[in-house]
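Presented below is the structure to which this report refers.
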Amino acid sequence: MTSHPSRPSDAARPSRPVADLFAADGRLKAIPRRPARREALLAHLTESLFAPDRDYREPEVNQALLTVHEDFSALRRYLVTGGFLARTKDGSAYRRQQQPGSPGGAIPAVA
């Protein structure tokens, strides 16, 4: 009988850096399908594209996301549902969340 080395579980594997998701030109190769990998990407995008304590209009969010991937609407949706960006109820303003993890969280009307 031959024994096969067991594969480490996903939890035991060291996480790969998000840098390998990007091409040499700085554009995202693809939006990861695996939730944990996508979360790492979203955290990176939030940190690198959106300043804390600043409101963004939707066109500003779209433009920032277009700098890394053409499917900006999917990225924007993932950022909001993942709790990385909060959106006003009317969708007119977005703000970086201090603590991601409150999916679908809406921010109060911003002036």
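Chain identifiers are assigned as A, B, and so on, following the order in which chains appear in the structure tokens; residues are numbered from 1 within each chain, and ligands are numbered from 1 in order of appearance.
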So that I can check the surroundings of Lys29 (chain A), please list as a VMD selection string every protein, DNA and RNA residue that reaches within 9 Å of it, counting only C-alpha atoms and ignoring chain neighbours fewer than 6 positions away.
chain A and resid 20 to 23 68 to 69
Using DSSP assignments from the backbone, pull out every residue in region 48-95 of chain A that falls under helix (DSSP H, G or I) and give it to me as a short mmCIF file (atom, residue, chain, number, x, y, z; two decimals) with all heavy atoms, in the first residue's frame.
```cif
data_model
loop_
_atom_site.label_atom_id
_atom_site.label_comp_id
_atom_site.auth_asym_id
_atom_site.auth_seq_id
_atom_site.Cartn_x
_atom_site.Cartn_y
_atom_site.Cartn_z
N SER A 48 -6.38 50.62 -0.88
CA SER A 48 -5.56 51.34 -1.86
C SER A 48 -6.33 52.37 -2.68
O SER A 48 -5.73 53.31 -3.20
CB SER A 48 -4.85 50.35 -2.79
OG SER A 48 -5.78 49.56 -3.48
N LEU A 49 -7.66 52.23 -2.79
CA LEU A 49 -8.41 53.13 -3.67
C LEU A 49 -9.29 54.15 -2.93
O LEU A 49 -9.65 55.17 -3.52
CB LEU A 49 -9.32 52.32 -4.61
CG LEU A 49 -8.61 51.40 -5.61
CD1 LEU A 49 -9.65 50.60 -6.40
CD2 LEU A 49 -7.72 52.19 -6.54
N GLU A 58 -21.04 57.93 -6.78
CA GLU A 58 -20.94 56.68 -7.55
C GLU A 58 -19.99 56.79 -8.75
O GLU A 58 -19.19 55.88 -8.97
CB GLU A 58 -22.31 56.20 -8.00
CG GLU A 58 -22.25 54.83 -8.64
CD GLU A 58 -23.60 54.21 -8.85
OE1 GLU A 58 -24.34 54.05 -7.86
OE2 GLU A 58 -23.91 53.88 -10.01
N PRO A 59 -20.03 57.89 -9.52
CA PRO A 59 -19.07 57.97 -10.64
C PRO A 59 -17.61 57.94 -10.19
O PRO A 59 -16.76 57.40 -10.89
CB PRO A 59 -19.40 59.32 -11.29
CG PRO A 59 -20.83 59.59 -10.93
CD PRO A 59 -20.99 59.00 -9.55
N GLU A 60 -17.32 58.48 -9.00
CA GLU A 60 -15.95 58.43 -8.47
C GLU A 60 -15.55 57.00 -8.11
O GLU A 60 -14.42 56.57 -8.37
CB GLU A 60 -15.82 59.30 -7.23
CG GLU A 60 -15.94 60.78 -7.47
CD GLU A 60 -15.91 61.55 -6.18
OE1 GLU A 60 -16.85 61.44 -5.37
OE2 GLU A 60 -14.89 62.27 -5.97
N VAL A 61 -16.48 56.27 -7.51
CA VAL A 61 -16.23 54.86 -7.17
C VAL A 61 -15.99 54.07 -8.46
O VAL A 61 -15.03 53.31 -8.57
CB VAL A 61 -17.40 54.27 -6.36
CG1 VAL A 61 -17.22 52.76 -6.16
CG2 VAL A 61 -17.54 54.97 -5.02
N ASN A 62 -16.87 54.28 -9.44
CA ASN A 62 -16.74 53.57 -10.71
C ASN A 62 -15.39 53.86 -11.37
O ASN A 62 -14.72 52.94 -11.85
CB ASN A 62 -17.87 53.96 -11.67
CG ASN A 62 -19.22 53.52 -11.16
OD1 ASN A 62 -19.34 52.70 -10.25
ND2 ASN A 62 -20.27 54.08 -11.73
N GLN A 63 -14.99 55.11 -11.39
CA GLN A 63 -13.73 55.50 -12.03
C GLN A 63 -12.54 54.86 -11.31
O GLN A 63 -11.61 54.38 -11.95
CB GLN A 63 -13.59 57.02 -12.07
CG GLN A 63 -12.46 57.49 -12.93
CD GLN A 63 -12.59 57.03 -14.38
OE1 GLN A 63 -13.67 57.08 -14.96
NE2 GLN A 63 -11.51 56.59 -14.96
N ALA A 64 -12.57 54.86 -10.00
CA ALA A 64 -11.48 54.25 -9.23
C ALA A 64 -11.38 52.75 -9.54
O ALA A 64 -10.29 52.22 -9.76
CB ALA A 64 -11.70 54.46 -7.74
N LEU A 65 -12.53 52.08 -9.60
CA LEU A 65 -12.53 50.65 -9.87
C LEU A 65 -12.15 50.33 -11.32
O LEU A 65 -11.53 49.30 -11.59
CB LEU A 65 -13.89 50.04 -9.51
CG LEU A 65 -14.23 50.10 -8.02
CD1 LEU A 65 -15.66 49.66 -7.78
CD2 LEU A 65 -13.25 49.28 -7.19
N LEU A 66 -12.50 51.23 -12.23
CA LEU A 66 -12.11 51.04 -13.64
C LEU A 66 -10.60 51.06 -13.83
O LEU A 66 -10.09 50.51 -14.82
CB LEU A 66 -12.75 52.12 -14.51
CG LEU A 66 -14.09 51.79 -15.13
CD1 LEU A 66 -14.70 53.02 -15.78
CD2 LEU A 66 -13.99 50.65 -16.13
N PHE A 72 -16.38 47.13 -13.24
CA PHE A 72 -16.43 47.96 -12.04
C PHE A 72 -17.72 47.75 -11.26
O PHE A 72 -17.73 47.84 -10.04
CB PHE A 72 -16.25 49.44 -12.39
CG PHE A 72 -17.35 50.00 -13.25
CD1 PHE A 72 -18.48 50.55 -12.69
CD2 PHE A 72 -17.23 49.97 -14.63
CE1 PHE A 72 -19.50 51.06 -13.48
CE2 PHE A 72 -18.24 50.48 -15.43
CZ PHE A 72 -19.38 51.02 -14.86
N SER A 73 -18.82 47.45 -11.95
CA SER A 73 -20.09 47.29 -11.24
C SER A 73 -20.07 46.05 -10.35
O SER A 73 -20.60 46.08 -9.24
CB SER A 73 -21.27 47.26 -12.21
OG SER A 73 -21.16 46.18 -13.10
N ALA A 74 -19.45 44.97 -10.80
CA ALA A 74 -19.35 43.77 -9.96
C ALA A 74 -18.46 44.05 -8.76
O ALA A 74 -18.81 43.68 -7.63
CB ALA A 74 -18.79 42.59 -10.76
N LEU A 75 -17.34 44.71 -8.98
CA LEU A 75 -16.46 45.05 -7.87
C LEU A 75 -17.16 45.95 -6.86
O LEU A 75 -17.07 45.74 -5.65
CB LEU A 75 -15.18 45.73 -8.37
CG LEU A 75 -14.17 44.82 -9.07
CD1 LEU A 75 -13.04 45.65 -9.67
CD2 LEU A 75 -13.63 43.77 -8.11
N ARG A 76 -17.91 46.95 -7.37
CA ARG A 76 -18.63 47.86 -6.48
C ARG A 76 -19.66 47.08 -5.65
O ARG A 76 -19.78 47.27 -4.44
CB ARG A 76 -19.31 48.96 -7.30
CG ARG A 76 -19.96 50.04 -6.44
CD ARG A 76 -20.71 51.05 -7.29
NE ARG A 76 -21.83 50.40 -7.94
CZ ARG A 76 -22.08 50.45 -9.26
NH1 ARG A 76 -21.30 51.12 -10.07
NH2 ARG A 76 -23.12 49.83 -9.76
N ARG A 77 -20.38 46.19 -6.29
CA ARG A 77 -21.38 45.38 -5.59
C ARG A 77 -20.72 44.50 -4.52
O ARG A 77 -21.20 44.43 -3.39
CB ARG A 77 -22.14 44.51 -6.61
CG ARG A 77 -23.25 43.69 -6.02
CD ARG A 77 -24.08 42.96 -7.09
NE ARG A 77 -23.27 42.18 -8.02
CZ ARG A 77 -23.02 42.50 -9.30
NH1 ARG A 77 -23.53 43.59 -9.82
NH2 ARG A 77 -22.29 41.72 -10.06
N TYR A 78 -19.60 43.85 -4.86
CA TYR A 78 -18.89 43.03 -3.87
C TYR A 78 -18.40 43.88 -2.70
O TYR A 78 -18.43 43.43 -1.55
CB TYR A 78 -17.69 42.33 -4.51
CG TYR A 78 -18.03 41.17 -5.40
CD1 TYR A 78 -17.42 41.04 -6.64
CD2 TYR A 78 -18.95 40.19 -5.01
CE1 TYR A 78 -17.72 39.97 -7.47
CE2 TYR A 78 -19.25 39.12 -5.84
CZ TYR A 78 -18.63 39.00 -7.07
OH TYR A 78 -18.91 37.94 -7.89
N LEU A 79 -17.92 45.08 -2.97
CA LEU A 79 -17.44 45.95 -1.90
C LEU A 79 -18.57 46.34 -0.95
O LEU A 79 -18.38 46.40 0.27
CB LEU A 79 -16.78 47.21 -2.48
CG LEU A 79 -15.40 46.99 -3.11
CD1 LEU A 79 -15.01 48.21 -3.96
CD2 LEU A 79 -14.35 46.72 -2.05
N VAL A 80 -19.75 46.59 -1.49
CA VAL A 80 -20.89 46.98 -0.66
C VAL A 80 -21.44 45.78 0.10
O VAL A 80 -21.62 45.83 1.31
CB VAL A 80 -21.99 47.67 -1.51
CG1 VAL A 80 -23.26 47.87 -0.69
CG2 VAL A 80 -21.48 49.01 -2.04
N THR A 81 -21.68 44.67 -0.61
CA THR A 81 -22.26 43.51 0.08
C THR A 81 -21.28 42.89 1.06
O THR A 81 -21.70 42.30 2.05
CB THR A 81 -22.75 42.44 -0.92
OG1 THR A 81 -21.65 41.99 -1.72
CG2 THR A 81 -23.87 42.96 -1.79
#
```
By how many Å are CA of Ala43 (chain A) and CA of Ala30 (chain A) apart?
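Value for the CA of Ala43 (chain A)-CA of Ala30 (chain A) distance: 15.7 Å.
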